[in-house]
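Engineer: This is entry15.txt (compact mmCIF, C-alpha atoms).
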```txt
# COMPACT_ATOMS: atom_id res chain seq x y z
CA MET S 1 25.45 -46.34 -43.57
CA SER S 2 22.55 -43.82 -43.74
CA ALA S 3 21.25 -45.34 -46.96
CA THR S 4 21.27 -48.79 -45.37
CA LEU S 5 19.12 -47.61 -42.43
CA VAL S 6 16.64 -45.92 -44.72
CA GLY S 7 16.30 -49.04 -46.82
CA THR S 8 15.79 -51.19 -43.76
CA SER S 9 13.10 -48.83 -42.49
CA GLU S 10 11.24 -49.02 -45.78
CA ARG S 11 11.41 -52.84 -45.83
CA LEU S 12 9.95 -53.05 -42.29
CA GLY S 13 7.05 -50.77 -43.21
CA THR S 14 8.08 -48.09 -40.70
CA GLU S 15 9.08 -44.51 -41.09
CA SER S 16 11.68 -42.45 -39.38
CA PRO S 17 10.31 -40.08 -36.72
CA ARG S 18 9.97 -36.54 -37.95
CA ALA S 19 10.64 -33.41 -36.03
CA GLY S 20 7.55 -32.11 -34.28
CA SER S 21 5.58 -35.36 -34.67
CA ALA S 22 3.67 -36.62 -31.58
CA LEU S 23 1.81 -39.78 -30.71
CA THR S 24 -1.94 -39.46 -30.24
CA PRO S 25 -2.72 -40.41 -26.62
CA ARG S 26 -5.15 -43.29 -26.13
CA ARG S 27 -8.53 -42.10 -24.89
CA ALA S 28 -9.94 -43.81 -21.82
CA ARG S 29 -12.92 -46.15 -22.14
CA PRO S 30 -14.65 -46.12 -18.73
CA VAL S 31 -17.24 -48.58 -20.04
CA LEU S 32 -14.57 -51.29 -19.94
CA TRP S 33 -13.78 -50.53 -16.30
CA TRP S 34 -17.42 -50.79 -15.30
CA ALA S 35 -17.92 -53.88 -17.45
CA SER S 36 -14.91 -55.62 -15.94
CA LEU S 37 -16.28 -55.00 -12.47
CA GLY S 38 -19.70 -56.28 -13.51
CA ALA S 39 -18.26 -59.41 -15.11
CA ALA S 40 -16.18 -60.15 -12.01
CA ALA S 41 -19.28 -59.76 -9.82
CA VAL S 42 -21.22 -62.19 -12.02
CA VAL S 43 -18.42 -64.78 -11.81
CA LEU S 44 -18.32 -64.40 -8.02
CA GLN S 45 -22.05 -64.86 -7.56
CA VAL S 46 -22.11 -67.89 -9.87
CA TRP S 47 -19.51 -69.45 -7.57
CA ILE S 48 -21.53 -68.50 -4.46
CA TYR S 49 -24.82 -69.84 -5.83
CA THR S 50 -23.18 -73.03 -7.09
CA SER S 51 -21.51 -73.76 -3.76
CA TRP S 52 -24.83 -73.11 -2.01
CA VAL S 53 -26.85 -75.41 -4.28
CA LEU S 54 -24.29 -78.20 -3.84
CA SER S 55 -24.22 -77.81 -0.05
CA ASP S 56 -26.47 -78.89 2.83
CA ASP S 57 -27.66 -75.28 3.10
CA PHE S 58 -29.81 -75.77 0.00
CA ARG S 59 -32.94 -77.01 1.76
CA ALA S 60 -36.18 -75.62 3.09
CA VAL S 61 -35.82 -74.10 6.56
CA THR S 62 -38.65 -75.47 8.71
CA THR S 63 -40.77 -73.52 11.17
CA GLY S 64 -39.66 -75.35 14.30
CA VAL S 65 -41.65 -76.13 17.42
CA ASP S 66 -43.75 -72.96 17.66
CA PRO S 67 -47.03 -72.97 15.68
CA VAL S 68 -47.40 -70.30 13.00
CA PRO S 69 -50.51 -68.16 13.70
CA GLY S 70 -53.32 -68.23 11.16
CA HIS S 71 -52.89 -64.47 10.64
CA ASP S 72 -49.29 -65.00 9.50
CA LYS S 73 -50.25 -67.88 7.22
CA THR S 74 -52.98 -65.89 5.52
CA TRP S 75 -50.71 -62.93 4.91
CA ALA S 76 -47.95 -65.25 3.69
CA TRP S 77 -50.00 -66.38 0.71
CA ILE S 78 -51.43 -62.92 0.03
CA LEU S 79 -47.99 -61.33 0.00
CA GLN S 80 -46.31 -64.04 -2.05
CA ALA S 81 -49.07 -63.82 -4.67
CA THR S 82 -48.99 -60.01 -4.72
CA PHE S 83 -45.22 -59.71 -4.99
CA THR S 84 -45.10 -62.37 -7.70
CA ALA S 85 -47.79 -60.53 -9.67
CA GLY S 86 -45.78 -57.30 -9.38
CA ALA S 87 -42.68 -59.09 -10.67
CA LEU S 88 -44.59 -60.55 -13.62
CA PHE S 89 -45.89 -57.08 -14.48
CA ALA S 90 -42.32 -55.75 -14.47
CA VAL S 91 -41.11 -58.61 -16.68
CA VAL S 92 -43.91 -58.08 -19.21
CA PHE S 93 -43.24 -54.33 -19.24
CA VAL S 94 -39.51 -54.80 -19.88
CA VAL S 95 -39.94 -57.55 -22.49
CA ARG S 96 -42.48 -55.51 -24.45
CA LYS S 97 -40.04 -52.59 -24.53
CA CYS S 98 -37.32 -54.88 -25.88
CA VAL S 99 -39.61 -56.40 -28.51
CA THR S 100 -40.87 -53.00 -29.63
CA GLN S 101 -37.38 -51.52 -29.94
CA ARG S 102 -35.80 -54.80 -31.10
CA ARG S 103 -32.87 -54.43 -28.75
CA LEU S 104 -31.90 -54.87 -25.11
CA THR S 105 -33.23 -51.62 -23.68
CA LEU S 106 -31.86 -49.67 -20.76
CA GLU S 107 -34.87 -50.83 -18.72
CA ALA S 108 -33.89 -54.43 -19.42
CA LYS S 109 -30.25 -53.82 -18.50
CA ILE S 110 -31.20 -52.26 -15.16
CA ALA S 111 -33.70 -55.06 -14.48
CA ILE S 112 -30.99 -57.68 -15.11
CA ALA S 113 -28.56 -55.67 -12.99
CA TRP S 114 -30.99 -55.78 -10.05
CA LEU S 115 -31.08 -59.57 -10.25
CA ALA S 116 -27.29 -59.61 -10.52
CA VAL S 117 -26.87 -57.88 -7.14
CA MET S 118 -29.40 -59.98 -5.25
CA TRP S 119 -26.59 -62.15 -3.86
CA MET S 120 -25.63 -59.26 -1.55
CA ASP S 121 -29.10 -59.02 -0.01
CA PRO S 122 -28.10 -60.74 3.30
CA MET S 123 -25.17 -58.37 3.89
CA ALA S 124 -26.79 -56.68 6.92
CA ASN S 125 -26.33 -60.02 8.72
CA TYR S 126 -22.68 -60.37 7.66
CA PHE S 127 -21.24 -60.01 11.18
CA ARG S 128 -24.30 -60.66 13.34
CA PRO S 129 -28.01 -61.24 12.70
CA GLN S 130 -29.90 -57.96 12.44
CA TYR S 131 -33.02 -59.27 10.76
CA MET S 132 -34.81 -62.60 10.45
CA PHE S 133 -37.45 -63.98 8.07
CA ASN S 134 -40.52 -66.14 8.62
CA SER S 135 -39.69 -69.68 7.43
CA TYR S 136 -43.34 -70.49 6.74
CA TYR S 137 -42.81 -68.81 3.35
CA ILE S 138 -41.55 -70.93 0.43
CA ASN S 139 -37.77 -71.06 0.75
CA PHE S 140 -34.63 -73.08 0.13
CA GLY S 141 -32.52 -71.60 2.88
CA SER S 142 -29.88 -69.05 1.95
CA TRP S 143 -26.49 -68.72 0.25
CA ALA S 144 -25.41 -66.21 2.92
CA GLY S 145 -22.91 -68.55 4.57
CA HIS S 146 -21.14 -69.01 1.21
CA ILE S 147 -20.36 -65.32 0.75
CA PRO S 148 -16.57 -64.98 1.19
CA GLY S 149 -15.58 -63.99 4.73
CA TRP S 150 -19.09 -64.47 6.16
CA ILE S 151 -18.87 -64.38 9.99
CA SER S 152 -22.44 -64.62 11.32
CA ARG S 153 -23.25 -68.20 12.37
CA ARG S 154 -25.73 -70.40 10.49
CA GLY S 155 -26.20 -68.05 7.57
CA GLY S 156 -27.84 -70.86 5.62
CA ASN S 157 -30.76 -70.76 8.07
CA LEU S 158 -31.92 -67.37 6.80
CA PRO S 159 -35.00 -68.45 4.79
CA PHE S 160 -34.77 -66.48 1.56
CA ALA S 161 -38.42 -66.37 0.50
CA LEU S 162 -38.77 -67.12 -3.21
CA GLY S 163 -42.15 -65.37 -3.28
CA ILE S 164 -40.90 -62.15 -1.63
CA ASN S 165 -37.17 -61.55 -2.12
CA LEU S 166 -36.88 -62.66 -5.74
CA PRO S 167 -39.97 -60.72 -6.93
CA SER S 168 -38.77 -57.66 -5.01
CA TYR S 169 -35.54 -57.53 -6.97
CA THR S 170 -37.33 -58.33 -10.22
CA ALA S 171 -39.78 -55.46 -9.74
CA SER S 172 -37.14 -52.96 -8.56
CA ILE S 173 -36.82 -51.69 -12.14
CA LEU S 174 -40.23 -50.08 -11.57
CA ALA S 175 -38.83 -48.13 -8.62
CA ALA S 176 -35.90 -46.97 -10.77
CA ILE S 177 -38.27 -45.75 -13.46
CA ALA S 178 -40.55 -44.07 -10.90
CA GLY S 179 -37.62 -42.28 -9.28
CA ALA S 180 -36.33 -41.11 -12.67
CA LYS S 181 -39.77 -39.84 -13.70
CA LEU S 182 -40.05 -37.95 -10.42
CA MET S 183 -36.71 -36.25 -11.05
CA ALA S 184 -37.81 -35.34 -14.56
CA ALA S 185 -41.10 -33.90 -13.27
CA VAL S 186 -39.35 -31.84 -10.59
CA ARG S 187 -36.86 -30.51 -13.15
CA ALA S 188 -39.72 -29.50 -15.45
CA ARG S 189 -41.28 -27.48 -12.61
CA ARG S 190 -38.01 -26.19 -11.20
CA PRO S 191 -35.51 -25.92 -14.10
CA ARG S 192 -32.89 -24.26 -11.92
CA MET S 193 -32.68 -27.16 -9.47
CA GLY S 194 -29.36 -28.98 -9.83
CA THR S 195 -28.81 -32.70 -10.12
CA ALA S 196 -27.91 -32.99 -6.43
CA GLY S 197 -31.28 -31.54 -5.44
CA LEU S 198 -33.12 -33.87 -7.79
CA VAL S 199 -31.27 -36.88 -6.37
CA LEU S 200 -32.20 -35.77 -2.85
CA VAL S 201 -35.88 -35.55 -3.82
CA ALA S 202 -35.77 -39.04 -5.34
CA TRP S 203 -33.93 -40.40 -2.30
CA LEU S 204 -36.56 -39.08 0.09
CA PHE S 205 -39.39 -40.43 -2.09
CA LEU S 206 -37.87 -43.90 -2.51
CA SER S 207 -36.97 -44.06 1.19
CA VAL S 208 -40.62 -43.46 2.03
CA VAL S 209 -41.55 -46.28 -0.35
CA VAL S 210 -39.00 -48.57 1.31
CA PHE S 211 -40.37 -47.66 4.73
CA ALA S 212 -43.95 -48.42 3.66
CA VAL S 213 -43.04 -51.79 2.15
CA GLU S 214 -40.85 -52.92 5.05
CA ASP S 215 -43.40 -51.76 7.60
CA LEU S 216 -46.04 -53.83 5.81
CA LEU S 217 -43.80 -56.89 5.79
CA ILE S 218 -43.06 -56.44 9.49
CA HIS S 219 -46.67 -56.07 10.56
CA THR S 220 -47.78 -59.05 8.47
CA GLY S 221 -45.25 -61.30 10.17
CA TRP S 222 -42.63 -61.98 7.50
CA LEU S 223 -39.80 -59.79 8.79
CA VAL S 224 -38.40 -58.98 12.23
CA TRP S 225 -35.66 -56.38 12.67
CA ASN S 226 -33.25 -55.65 15.47
CA GLY S 227 -31.18 -52.52 15.07
CA VAL S 228 -29.14 -49.81 16.72
CA PRO S 229 -31.53 -48.44 19.38
CA ALA S 230 -30.75 -44.77 18.70
CA VAL S 231 -31.84 -44.99 15.06
CA THR S 232 -34.54 -47.67 15.25
CA LEU S 233 -38.22 -46.80 15.49
CA TRP S 234 -40.24 -48.88 17.98
CA HIS S 235 -37.07 -50.61 19.12
CA GLY S 236 -37.50 -53.60 21.40
CA GLY S 237 -40.71 -54.87 19.81
CA ARG S 238 -41.78 -56.89 16.79
CA ALA S 239 -42.57 -53.65 14.90
CA ALA S 240 -39.00 -52.32 15.09
CA ILE S 241 -37.65 -50.77 11.88
CA PRO S 242 -34.17 -49.19 11.61
CA LEU S 243 -34.03 -45.86 9.84
CA THR S 244 -30.53 -46.78 8.70
CA GLU S 245 -32.02 -49.64 6.68
CA VAL S 246 -34.68 -47.39 5.18
CA LEU S 247 -32.24 -44.67 4.15
CA ALA S 248 -29.45 -47.00 2.96
CA TRP S 249 -31.75 -49.21 0.90
CA GLY S 250 -33.52 -46.11 -0.39
CA GLY S 251 -30.09 -44.87 -1.43
CA THR S 252 -29.43 -48.01 -3.46
CA GLN S 253 -32.78 -47.60 -5.20
CA THR S 254 -31.96 -43.95 -5.86
CA ALA S 255 -28.59 -44.80 -7.41
CA LEU S 256 -30.25 -46.92 -10.11
CA ALA S 257 -33.00 -44.33 -10.60
CA THR S 258 -30.34 -41.65 -11.09
CA LEU S 259 -28.51 -43.81 -13.60
CA PHE S 260 -31.74 -44.13 -15.58
CA PHE S 261 -32.51 -40.40 -15.30
CA LEU S 262 -29.10 -39.24 -16.50
CA LYS S 263 -29.22 -41.08 -19.84
CA ASP S 264 -28.33 -38.96 -22.87
CA ASP S 265 -30.40 -38.29 -25.97
CA LYS S 266 -29.23 -41.60 -27.42
CA GLY S 267 -30.41 -43.50 -24.36
CA ARG S 268 -26.90 -44.15 -23.05
CA VAL S 269 -25.86 -43.81 -19.42
CA PHE S 270 -22.55 -42.60 -18.02
CA THR S 271 -21.26 -46.14 -17.40
CA GLU S 272 -21.29 -46.58 -21.20
CA ARG S 273 -18.81 -43.77 -21.86
CA GLY S 274 -16.31 -44.94 -24.43
CA LEU S 275 -18.58 -47.65 -25.81
CA GLU S 276 -18.32 -46.14 -29.29
CA ARG S 277 -14.55 -46.79 -29.18
CA VAL S 278 -14.95 -50.47 -28.32
CA THR S 279 -14.11 -52.57 -31.36
CA ALA S 280 -16.72 -55.24 -30.59
CA SER S 281 -20.05 -55.05 -32.38
CA GLY S 282 -23.48 -56.64 -32.22
CA TRP S 283 -24.21 -58.77 -29.16
CA ARG S 284 -20.65 -58.36 -27.87
CA ARG S 285 -21.07 -54.60 -27.59
CA THR S 286 -24.47 -55.13 -25.95
CA ALA S 287 -22.83 -57.47 -23.44
CA VAL S 288 -20.19 -54.86 -22.59
CA SER S 289 -22.94 -52.30 -22.05
CA LEU S 290 -24.94 -54.69 -19.87
CA PHE S 291 -21.95 -55.63 -17.72
CA SER S 292 -21.15 -51.94 -17.23
CA VAL S 293 -24.63 -51.38 -15.77
CA ILE S 294 -24.19 -54.47 -13.57
CA GLY S 295 -20.87 -53.03 -12.40
CA PHE S 296 -22.54 -49.80 -11.31
CA ALA S 297 -25.38 -51.67 -9.58
CA THR S 298 -22.79 -53.79 -7.76
CA VAL S 299 -21.13 -50.66 -6.39
CA ALA S 300 -24.51 -49.29 -5.26
CA GLN S 301 -25.47 -52.55 -3.53
CA ALA S 302 -22.01 -52.92 -2.00
CA ALA S 303 -22.39 -49.44 -0.50
CA TYR S 304 -25.58 -50.64 1.18
CA GLY S 305 -23.71 -53.62 2.63
CA ILE S 306 -20.77 -51.52 3.79
CA ILE S 307 -23.16 -49.21 5.62
CA SER S 308 -25.47 -51.85 7.11
CA ALA S 309 -23.16 -54.72 8.07
CA PRO S 310 -21.07 -52.90 10.73
CA LEU S 311 -24.26 -51.76 12.46
CA GLY S 312 -24.60 -55.35 13.66
CA PHE S 313 -21.94 -54.62 16.26
CA TYR S 314 -24.27 -52.12 17.97
CA VAL S 315 -27.66 -53.82 17.92
CA GLY S 316 -29.89 -53.76 20.97
CA LYS S 317 -31.34 -56.75 22.76
CA TRP S 318 -33.46 -59.04 20.61
CA THR S 319 -37.14 -59.16 21.34
CA GLU S 320 -38.70 -62.56 22.02
CA VAL S 321 -39.33 -64.21 18.66
CA PRO S 322 -40.76 -67.67 17.92
CA SER S 323 -38.93 -70.58 16.32
CA TYR S 324 -40.28 -69.87 12.84
CA ILE S 325 -38.53 -66.49 12.98
CA ARG S 326 -35.29 -67.52 14.74
CA ASN S 327 -34.93 -70.63 12.54
CA GLY S 328 -32.21 -72.20 14.66
CA VAL S 329 -29.87 -69.22 14.30
CA CYS S 330 -29.83 -68.30 17.97
CA GLY S 331 -31.80 -68.57 21.20
CA GLU S 332 -33.67 -71.52 22.64
CA GLY S 333 -32.62 -74.86 21.22
CA THR S 334 -29.27 -73.55 19.92
CA PRO S 335 -25.81 -73.10 21.51
CA TYR S 336 -25.86 -69.38 20.70
CA ARG S 337 -27.38 -66.38 22.40
CA CYS S 338 -29.09 -63.89 20.14
CA PRO S 339 -26.97 -60.74 19.61
CA GLY S 340 -27.23 -57.91 22.11
CA PRO S 341 -25.13 -55.22 23.77
CA GLU S 342 -23.72 -57.67 26.33
CA VAL S 343 -23.09 -60.50 23.84
CA PRO S 344 -19.65 -60.47 22.16
CA VAL S 345 -19.26 -61.28 18.48
CA LEU S 346 -18.42 -64.93 17.89
CA LEU S 347 -15.53 -64.99 15.44
CA PRO S 348 -14.85 -67.83 12.99
CA GLY S 349 -12.88 -70.71 14.45
CA ASN S 350 -14.09 -70.13 18.00
CA PRO S 351 -16.32 -72.79 19.53
CA PRO S 352 -19.64 -71.56 20.97
CA GLY S 353 -18.31 -71.83 24.53
CA ALA S 354 -15.27 -69.67 23.83
CA THR S 355 -17.16 -66.43 24.46
CA ALA S 356 -20.19 -65.17 26.34
CA GLU S 357 -22.21 -65.69 23.19
CA ARG S 358 -22.92 -69.25 24.27
CA ALA S 359 -26.13 -69.81 26.23
CA PRO S 360 -25.38 -72.86 28.42
CA ASP S 361 -28.99 -73.13 29.56
CA GLY S 362 -30.35 -72.72 26.03
CA ARG S 363 -31.98 -69.35 26.71
CA PRO S 364 -31.93 -66.55 24.07
```
What is this file in structure tokens?
Structural biologist:
Amino acid sequence: MSATLVGTSERLGTESPRAGSALTPRRARPVLWWASLGAAAVVLQVWIYTSWVLSDDFRAVTTGVDPVPGHDKTWAWILQATFTAGALFAVVFVVRKCVTQRRLTLEAKIAIAWLAVMWMDPMANYFRPQYMFNSYYINFGSWAGHIPGWISRRGGNLPFALGINLPSYTASILAAIAGAKLMAAVRARRPRMGTAGLVLVAWLFLSVVVFAVEDLLIHTGWLVWNGVPAVTLWHGGRAAIPLTEVLAWGGTQTALATLFFLKDDKGRVFTERGLERVTASGWRRTAVSLFSVIGFATVAQAAYGIISAPLGFYVGKWTEVPSYIRNGVCGEGTPYRCPGPEVPVLLPGNPPGATAERAPDGRP
């Protein structure tokens, strides 16, 4: 009987377990977790963009009945040209790095990751409008209403400016590099400062940059914010800017800057841990690495949305804004009142007249 079992074991190419033997535990490969998240995010946004392009929301939002001032028109073309030039500079910078090193560099991965999280840009308006754009700028509406679970009415009327929003995300790699270089410079001067302190320094710096850029866009007529009165500077006027937006968006920028700063001596970041144990090679391994960076960027951008979207429940009263800013979302000429403390949230499935959000006389 024993001889038979031994012979069978030999024929099957196995061996009998020996005393004291132990199986080697499988080591985790976090890169696959991050890459799976990144791949899922890419699939989701492809679905969102496709449904938007095939819908009636894919059209230019017009300015409406109110004339656009000459000041706003002039700044529109200056800003669109400037932002586009900045994006082209970033693209040339990244491509040259890739050509020189003959590989997809970390700079290129982070730049692609920024574009891969752009679909979450409207998240502050998820429940109620908190900001509005000037529709004089080149636009094809917005995919906002096609984001799963979107509640805010007429999301497709948010004019996503091709000459502002898209270049902003394209050039955000420069902010990541600047933040990382700042952390490296601070560490060189203060070697005893920990990573948390360096991240705080970068966060404050990038938040100041965000404030400067958004303040410029507000004063030149492209952007109008409404926010929680207690944390919004100059609330109640066209110059309003929520500090929550500045700090949350600065935090997203800081997350990608920190990722870039914490790369090891081989140029790998922590989302790539376990990449050396992935059996794929060549472009497949590069794809896994890229998707892992996209996964991390998705988490950072989602954190911004999770922080900013609920603030829509607590916004103050909207200031008077013209038709080329409201764009048929609320106020005069629409069945909806613009959000405010006394205006309940209009949930999906409820007709405009079901709550006090309706403005029977057409007033904002």
Engineer: Using all atoms listed in the file, which of S:Leu200, S:Val228, S:Leu162, S:Ile147 sits nearest Tyr314 (chain S)?
Structural biologist: S:Val228
Engineer: If you count all atoms listed in the file, which residues fall within 12 Å of Pro122 (chain S), apart from same-chain ones fewer than 2 positions away, as a ChimeraX atom specification?
Structural biologist: /S:117-120,124-133,141-147,150-152,155-160,165,301-302,304-306,308-309
Engineer: So how many Å separate CA of Thr100 (chain S) and CA of Phe260 (chain S), to one decimal?
Structural biologist: 19.0 Å
Engineer: May I ask for the distance between CA of Leu290 (chain S) and CA of Lys109 (chain S), given in Å to one decimal place?
Structural biologist: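 Those two atoms sit 5.6 Å apart.
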Engineer: Find the nearest atom pair between each residue of region 171-250 of chain S and region 74-93 of chain S for residues within 10 Å, count all atoms listed in the file, give distances in Å to one decimal, sort rows by chain and ascending number, and present the table as JSON lines.
Structural biologist:
```
{"residue": "S:Ala171", "atom": "CA", "partner": "S:Ala87", "partner_atom": "CA", "distance": 4.7}
{"residue": "S:Ser172", "atom": "CA", "partner": "S:Ala90", "partner_atom": "CA", "distance": 8.3}
{"residue": "S:Ile173", "atom": "CA", "partner": "S:Ala90", "partner_atom": "CA", "distance": 7.2}
{"residue": "S:Leu174", "atom": "CA", "partner": "S:Ala90", "partner_atom": "CA", "distance": 6.7}
{"residue": "S:Leu216", "atom": "CA", "partner": "S:Leu79", "partner_atom": "CA", "distance": 9.7}
{"residue": "S:Leu217", "atom": "CA", "partner": "S:Leu79", "partner_atom": "CA", "distance": 8.4}
{"residue": "S:His219", "atom": "CA", "partner": "S:Trp75", "partner_atom": "CA", "distance": 9.8}
{"residue": "S:Thr220", "atom": "CA", "partner": "S:Trp75", "partner_atom": "CA", "distance": 6.0}
{"residue": "S:Gly221", "atom": "CA", "partner": "S:Trp75", "partner_atom": "CA", "distance": 7.8}
{"residue": "S:Trp222", "atom": "CA", "partner": "S:Ala76", "partner_atom": "CA", "distance": 7.3}
```
Engineer: What are the centre and edge lengths in Å, to one decimal, of the axis-aligned box around all listed atoms of region 288-305 of chain S with 4 Å added on each side, as JSON?
Structural biologist:
```
{"center_x": -22.9, "center_y": -52.5, "center_z": -10.0, "size_x": 13.4, "size_y": 14.3, "size_z": 33.2}
```
Engineer: Restricting the calculation to all atoms listed in the file, which member of S:Leu32, S:Ala176, S:Val210, S:Met123 is positioned closest to Pro148 (chain S)?
Structural biologist: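 The closest residue to Pro148 (chain S) is S:Met123.
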Engineer: Would you mind telling me which residue in S:Gly237, S:Gly333, S:Pro191, S:Gly251 lies nearest to Leu206 (chain S) when using only C-alpha atoms?
Structural biologist: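 Nearest to Leu206 (chain S): S:Gly251.
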Engineer: So, with only C-alpha atoms as the atoms that count, which of S:Ile218, S:Val95, S:Leu104, S:Leu256 lies closest to Ala178 (chain S)?
Structural biologist: S:Leu256
